[in-house]
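J.: My questions all concern the structure below.
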Amino acid sequence: MDIISYKSIFSPKVDVIILFEQNPRYKDFEPLFEEYGYGFVSPNDNLVILDGEVFSDQDQIDEDVLRFIEAHEVSHIILGHTTERVPEDEMDADLGAYILLKNSNFTNSIQILLDNFKSRHNTNFKKSLLQRVSDKFF
């Protein structure tokens with residue numbers, strides 16, 4: 001397996017591409033994965049590109065981790081983030097991911113988000129924080 005492509009379950013207007021090390025173009029994207037982490041968005045193209053090496057193990061994909069990452073990246077598009085990586089935008093994307101995951105009933109993915117929220121944003125998750133982004137998701 002070297003690539004998977006599909007419409008996002010969180011927003012059908014968003015395409016998701018998962019690249020694996022076996023893909024001949026993986027090396028071209030590797031510096032971007034190193035800079036941006038698990039994946040990144042191309043907002044003008046409604047495209048999410050994910051590093052399949054992060055959440056796969058011997059041709060098995062950890063779907064809970066995949067859904068968390070996908071929801072986070074789709075949230076960037078929904079929120080209209082187009083600038084370089086900004087801590088506030090990253091928190092807002094996680095808050096949006098929480099809403100998307102909750103609406104789709106991905107309980108295990110929500111737990112991954114909650115377990116990592118403080119280390120990612122230096123603050124505890126509180127439902128009151130959802131007000132920052134809720135107008136874009138409801």
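Scheme for the structure tokens: letters A, B, ... for chains in order shown; per-chain residue numbers from 1; ligand numbers from 1 in order shown.
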What's the 10 Å shell around Ile77 in chain A, counting only C-alpha atoms, without same-chain residues fewer than 6 positions away, as a list in words?

T.: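 Counting only C-alpha atoms, the residues come to Ser11, Val14, Val41, Ser42, Pro43, Asn44, Asp45, Asn46, Leu47, Val48 and Ala93 of chain A.
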
J.: Those residues you just picked out, can you put them in a file as a JSON list (two decimals), in the first residue's frame with N, CA and C atoms?

T.:
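Final file, result-v6.json:
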```json
[["chain", "number", "residue", "atom", "x", "y", "z"],
["A", 11, "SER", "N", -16.39, 16.20, 6.07],
["A", 11, "SER", "CA", -16.79, 17.22, 5.11],
["A", 11, "SER", "C", -16.61, 16.65, 3.71],
["A", 14, "VAL", "N", -14.06, 17.91, 1.12],
["A", 14, "VAL", "CA", -12.62, 17.79, 1.40],
["A", 14, "VAL", "C", -12.12, 16.41, 0.98],
["A", 41, "VAL", "N", -2.81, 20.79, 5.43],
["A", 41, "VAL", "CA", -3.90, 21.08, 4.50],
["A", 41, "VAL", "C", -3.43, 21.98, 3.38],
["A", 42, "SER", "N", -4.11, 21.84, 2.27],
["A", 42, "SER", "CA", -3.99, 22.79, 1.17],
["A", 42, "SER", "C", -5.38, 23.40, 1.06],
["A", 43, "PRO", "N", -5.61, 24.50, 1.82],
["A", 43, "PRO", "CA", -6.98, 25.02, 1.94],
["A", 43, "PRO", "C", -7.61, 25.44, 0.62],
["A", 44, "ASN", "N", -6.84, 25.97, -0.29],
["A", 44, "ASN", "CA", -7.41, 26.39, -1.58],
["A", 44, "ASN", "C", -7.89, 25.21, -2.41],
["A", 45, "ASP", "N", -7.36, 24.03, -2.12],
["A", 45, "ASP", "CA", -7.73, 22.83, -2.86],
["A", 45, "ASP", "C", -8.69, 21.93, -2.08],
["A", 46, "ASN", "N", -9.05, 22.34, -0.85],
["A", 46, "ASN", "CA", -9.86, 21.49, 0.04],
["A", 46, "ASN", "C", -9.25, 20.10, 0.13],
["A", 47, "LEU", "N", -7.96, 20.08, 0.43],
["A", 47, "LEU", "CA", -7.19, 18.85, 0.43],
["A", 47, "LEU", "C", -6.43, 18.69, 1.74],
["A", 48, "VAL", "N", -6.50, 17.50, 2.30],
["A", 48, "VAL", "CA", -5.74, 17.12, 3.48],
["A", 48, "VAL", "C", -4.75, 16.03, 3.06],
["A", 93, "ALA", "N", -8.32, 24.30, 15.88],
["A", 93, "ALA", "CA", -8.51, 23.11, 15.06],
["A", 93, "ALA", "C", -8.79, 21.88, 15.93]]
```

J.: Can you list, as a tab-separated table (two decimals) with N, CA and C atoms, in the first residue's frame, every protein, DNA or RNA residue that comes within 10 Å of Asn108 in chain A when you count only C-alpha atoms, leaving out same-chain residues fewer than 3 positions away?

T.:
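Below is the file that was written, around21.tsv:
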```tsv
chain	number	residue	atom	x	y	z
A	63	GLU	N	-7.32	3.42	13.21
A	63	GLU	CA	-8.41	4.28	12.76
A	63	GLU	C	-8.74	5.38	13.76
A	64	ASP	N	-8.61	5.12	15.05
A	64	ASP	CA	-8.90	6.15	16.05
A	64	ASP	C	-7.96	7.34	15.91
A	65	VAL	N	-6.68	7.07	15.72
A	65	VAL	CA	-5.70	8.13	15.52
A	65	VAL	C	-5.95	8.83	14.19
A	67	ARG	N	-8.75	9.22	12.55
A	67	ARG	CA	-9.94	10.09	12.61
A	67	ARG	C	-9.64	11.37	13.39
A	68	PHE	N	-8.86	11.27	14.45
A	68	PHE	CA	-8.47	12.48	15.20
A	68	PHE	C	-7.68	13.43	14.30
A	101	LEU	N	-15.69	15.05	15.81
A	101	LEU	CA	-15.62	13.69	16.33
A	101	LEU	C	-16.84	13.36	17.18
A	105	ASN	N	-19.63	10.49	16.56
A	105	ASN	CA	-19.59	9.44	17.58
A	105	ASN	C	-18.29	8.63	17.57
A	111	GLN	N	-11.14	10.65	22.95
A	111	GLN	CA	-10.29	10.40	24.10
A	111	GLN	C	-8.82	10.68	23.78
A	112	ILE	N	-8.39	10.35	22.58
A	112	ILE	CA	-7.02	10.67	22.16
A	112	ILE	C	-6.81	12.17	22.19
A	113	LEU	N	-7.77	12.92	21.66
A	113	LEU	CA	-7.69	14.38	21.67
A	113	LEU	C	-7.60	14.90	23.10
A	114	LEU	N	-8.49	14.41	23.98
A	114	LEU	CA	-8.51	14.88	25.36
A	114	LEU	C	-7.23	14.51	26.11
```

J.: Which one of A:Asp94, A:Glu53, A:Glu35, A:Asp89 sits closest to Ala71 in chain A if you count only C-alpha atoms?

T.: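 Of A:Asp94, A:Glu53, A:Glu35, A:Asp89, the one nearest Ala71 in chain A, counting only C-alpha atoms, is A:Asp94.
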
J.: For the strand (DSSP E or B) assignment from backbone DSSP, which residues of chain A qualify? Please present them as a ChimeraX atom specification.

T.: /A:3-7,15-19,39-42,47-51,56-57,60-61

J.: Could those residues be written to a file, using N, CA and C atoms, as an mmCIF file, in the first residue's frame?

T.:
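And here is the file that came out, out-v8.cif:
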```cif
data_model
loop_
_atom_site.group_PDB
_atom_site.id
_atom_site.type_symbol
_atom_site.label_atom_id
_atom_site.label_comp_id
_atom_site.auth_asym_id
_atom_site.auth_seq_id
_atom_site.Cartn_x
_atom_site.Cartn_y
_atom_site.Cartn_z
ATOM 1 N N ILE A 3 -0.649 4.566 -1.185
ATOM 2 C CA ILE A 3 -1.490 5.761 -1.103
ATOM 3 C C ILE A 3 -2.951 5.333 -0.898
ATOM 4 N N ILE A 4 -3.668 6.118 -0.123
ATOM 5 C CA ILE A 4 -5.107 5.963 0.041
ATOM 6 C C ILE A 4 -5.701 7.341 -0.197
ATOM 7 N N SER A 5 -6.798 7.392 -0.932
ATOM 8 C CA SER A 5 -7.457 8.656 -1.235
ATOM 9 C C SER A 5 -8.959 8.471 -1.049
ATOM 10 N N TYR A 6 -9.612 9.436 -0.383
ATOM 11 C CA TYR A 6 -11.052 9.348 -0.153
ATOM 12 C C TYR A 6 -11.618 10.718 0.197
ATOM 13 N N LYS A 7 -12.942 10.840 0.157
ATOM 14 C CA LYS A 7 -13.639 12.045 0.612
ATOM 15 C C LYS A 7 -13.714 11.981 2.131
ATOM 16 N N ASP A 15 -11.050 16.407 0.196
ATOM 17 C CA ASP A 15 -10.387 15.164 -0.183
ATOM 18 C C ASP A 15 -9.244 14.893 0.793
ATOM 19 N N VAL A 16 -9.058 13.621 1.116
ATOM 20 C CA VAL A 16 -7.977 13.202 2.014
ATOM 21 C C VAL A 16 -7.069 12.258 1.240
ATOM 22 N N ILE A 17 -5.777 12.529 1.322
ATOM 23 C CA ILE A 17 -4.767 11.648 0.741
ATOM 24 C C ILE A 17 -3.841 11.211 1.869
ATOM 25 N N ILE A 18 -3.655 9.912 1.971
ATOM 26 C CA ILE A 18 -2.708 9.353 2.939
ATOM 27 C C ILE A 18 -1.553 8.772 2.146
ATOM 28 N N LEU A 19 -0.363 9.297 2.391
ATOM 29 C CA LEU A 19 0.841 8.817 1.702
ATOM 30 C C LEU A 19 1.645 7.904 2.612
ATOM 31 N N GLY A 39 0.262 15.781 9.373
ATOM 32 C CA GLY A 39 -0.319 16.105 8.089
ATOM 33 C C GLY A 39 -0.454 17.603 7.939
ATOM 34 N N PHE A 40 -1.026 17.989 6.826
ATOM 35 C CA PHE A 40 -1.221 19.411 6.572
ATOM 36 C C PHE A 40 -2.353 19.574 5.573
ATOM 37 N N VAL A 41 -2.809 20.791 5.428
ATOM 38 C CA VAL A 41 -3.902 21.079 4.505
ATOM 39 C C VAL A 41 -3.425 21.978 3.382
ATOM 40 N N SER A 42 -4.110 21.839 2.270
ATOM 41 C CA SER A 42 -3.994 22.786 1.173
ATOM 42 C C SER A 42 -5.380 23.404 1.063
ATOM 43 N N LEU A 47 -7.962 20.080 0.433
ATOM 44 C CA LEU A 47 -7.191 18.848 0.430
ATOM 45 C C LEU A 47 -6.428 18.688 1.736
ATOM 46 N N VAL A 48 -6.502 17.496 2.299
ATOM 47 C CA VAL A 48 -5.740 17.117 3.483
ATOM 48 C C VAL A 48 -4.753 16.034 3.058
ATOM 49 N N ILE A 49 -3.489 16.223 3.388
ATOM 50 C CA ILE A 49 -2.458 15.234 3.078
ATOM 51 C C ILE A 49 -1.884 14.736 4.399
ATOM 52 N N LEU A 50 -1.994 13.428 4.626
ATOM 53 C CA LEU A 50 -1.581 12.827 5.887
ATOM 54 C C LEU A 50 -0.407 11.882 5.691
ATOM 55 N N ASP A 51 0.436 11.814 6.715
ATOM 56 C CA ASP A 51 1.591 10.924 6.729
ATOM 57 C C ASP A 51 1.145 9.562 7.246
ATOM 58 N N SER A 56 0.226 3.955 11.004
ATOM 59 C CA SER A 56 0.102 2.601 10.463
ATOM 60 C C SER A 56 1.203 1.727 11.050
ATOM 61 N N ASP A 57 0.876 0.465 11.182
ATOM 62 C CA ASP A 57 1.835 -0.506 11.692
ATOM 63 C C ASP A 57 1.613 -1.809 10.927
ATOM 64 N N GLN A 60 -1.575 -2.047 8.908
ATOM 65 C CA GLN A 60 -2.807 -1.831 9.669
ATOM 66 C C GLN A 60 -2.843 -0.367 10.075
ATOM 67 N N ILE A 61 -3.992 0.248 9.899
ATOM 68 C CA ILE A 61 -4.142 1.663 10.243
ATOM 69 C C ILE A 61 -4.879 1.771 11.564
#
```

J.: Please identify all polymer residues within 12 Å of Tyr98 in chain A, counting only C-alpha atoms, omitting same-chain residues fewer than 6 positions from it, and present them as a PyMOL selection string.

T.: chain A and resi 10+67-75+91-92+104-114+117+125-127+129-130+133-134+137

J.: With C-alpha atoms retained, export the selected residues as a PDB file, in the first residue's frame.

T.:
```pdb
ATOM      1  CA  PHE A  10     -16.343  15.056   8.205  1.00  0.00           C
ATOM      2  CA  ARG A  67      -9.935  10.089  12.613  1.00  0.00           C
ATOM      3  CA  PHE A  68      -8.474  12.482  15.196  1.00  0.00           C
ATOM      4  CA  ILE A  69      -5.849  13.727  12.741  1.00  0.00           C
ATOM      5  CA  GLU A  70      -8.343  13.957   9.873  1.00  0.00           C
ATOM      6  CA  ALA A  71     -10.847  15.898  12.007  1.00  0.00           C
ATOM      7  CA  HIS A  72      -8.092  18.292  13.136  1.00  0.00           C
ATOM      8  CA  GLU A  73      -6.951  19.001   9.564  1.00  0.00           C
ATOM      9  CA  VAL A  74     -10.515  19.330   8.207  1.00  0.00           C
ATOM     10  CA  SER A  75     -11.191  21.818  11.019  1.00  0.00           C
ATOM     11  CA  MET A  91      -6.014  24.913  19.477  1.00  0.00           C
ATOM     12  CA  ASP A  92      -9.041  26.009  17.473  1.00  0.00           C
ATOM     13  CA  SER A 104     -19.759  11.441  14.334  1.00  0.00           C
ATOM     14  CA  ASN A 105     -19.585   9.435  17.585  1.00  0.00           C
ATOM     15  CA  PHE A 106     -15.851   8.652  17.438  1.00  0.00           C
ATOM     16  CA  THR A 107     -15.477   8.151  21.188  1.00  0.00           C
ATOM     17  CA  ASN A 108     -11.964   6.665  21.115  1.00  0.00           C
ATOM     18  CA  SER A 109     -10.689   9.472  18.881  1.00  0.00           C
ATOM     19  CA  ILE A 110     -12.160  12.053  21.249  1.00  0.00           C
ATOM     20  CA  GLN A 111     -10.286  10.397  24.104  1.00  0.00           C
ATOM     21  CA  ILE A 112      -7.015  10.667  22.164  1.00  0.00           C
ATOM     22  CA  LEU A 113      -7.691  14.381  21.666  1.00  0.00           C
ATOM     23  CA  LEU A 114      -8.514  14.880  25.364  1.00  0.00           C
ATOM     24  CA  PHE A 117      -4.872  18.465  24.745  1.00  0.00           C
ATOM     25  CA  PHE A 125      -9.601  21.055  27.843  1.00  0.00           C
ATOM     26  CA  LYS A 126     -12.818  22.721  28.987  1.00  0.00           C
ATOM     27  CA  LYS A 127     -16.105  22.556  27.103  1.00  0.00           C
ATOM     28  CA  LEU A 129     -13.456  26.642  25.075  1.00  0.00           C
ATOM     29  CA  LEU A 130     -15.706  25.284  22.328  1.00  0.00           C
ATOM     30  CA  VAL A 133     -15.228  27.866  17.239  1.00  0.00           C
ATOM     31  CA  SER A 134     -18.800  26.646  17.688  1.00  0.00           C
ATOM     32  CA  PHE A 137     -19.573  24.025  13.258  1.00  0.00           C
TER      33      PHE A 137
END
```

J.: Glu90 in chain A: which residues within 9 Å, counting only C-alpha atoms, same-chain residues fewer than 3 positions away excluded, as a tab-separated table (two decimals) with N, CA and C atoms, in the first residue's frame?

T.:
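File produced: out-v9.tsv:
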```tsv
chain	number	residue	atom	x	y	z
A	72	HIS	N	-8.90	17.10	12.84
A	72	HIS	CA	-8.09	18.29	13.14
A	72	HIS	C	-7.79	19.05	11.85
A	76	HIS	N	-9.16	22.89	10.22
A	76	HIS	CA	-8.40	24.02	9.68
A	76	HIS	C	-9.10	24.60	8.45
A	85	ARG	N	1.58	27.98	10.61
A	85	ARG	CA	1.18	27.35	11.85
A	85	ARG	C	1.22	28.36	13.00
A	86	VAL	N	0.05	28.58	13.62
A	86	VAL	CA	-0.10	29.51	14.73
A	86	VAL	C	-0.71	28.73	15.90
A	87	PRO	N	-0.15	28.85	17.11
A	87	PRO	CA	-0.67	28.08	18.25
A	87	PRO	C	-2.18	28.24	18.46
A	93	ALA	N	-8.32	24.30	15.88
A	93	ALA	CA	-8.51	23.11	15.06
A	93	ALA	C	-8.79	21.88	15.93
A	94	ASP	N	-8.14	21.78	17.08
A	94	ASP	CA	-8.44	20.68	18.00
A	94	ASP	C	-9.86	20.82	18.56
A	95	LEU	N	-10.28	22.04	18.86
A	95	LEU	CA	-11.64	22.24	19.35
A	95	LEU	C	-12.66	21.88	18.27
A	120	ARG	N	-0.46	19.55	24.09
A	120	ARG	CA	-0.45	20.25	22.80
A	120	ARG	C	-0.69	21.75	22.96
A	121	HIS	N	-1.44	22.15	24.01
A	121	HIS	CA	-1.86	23.54	24.11
A	121	HIS	C	-1.55	24.21	25.45
```

J.: Could you please determine the separation between CA of Glu21 in chain A and CA of Gly52 in chain A in Å, to one decimal place?

T.: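 Answer for the CA of Glu21 in chain A to CA of Gly52 in chain A separation: 7.7 Å.
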
J.: Could you work out how far CA of Asn23 in chain A lies from CA of Leu100 in chain A, giving the answer in Å with one decimal?

T.: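 Computed distance, CA of Leu100 in chain A to CA of Asn23 in chain A, equals 29.5 Å.
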
J.: Go through range 2-111 of chain A and collect every residue that DSSP, computed from the backbone, puts in helix (DSSP H, G or I); the answer should be as a ChimeraX atom specification.

T.: /A:26-36,43-45,63-78,87-103,107-111
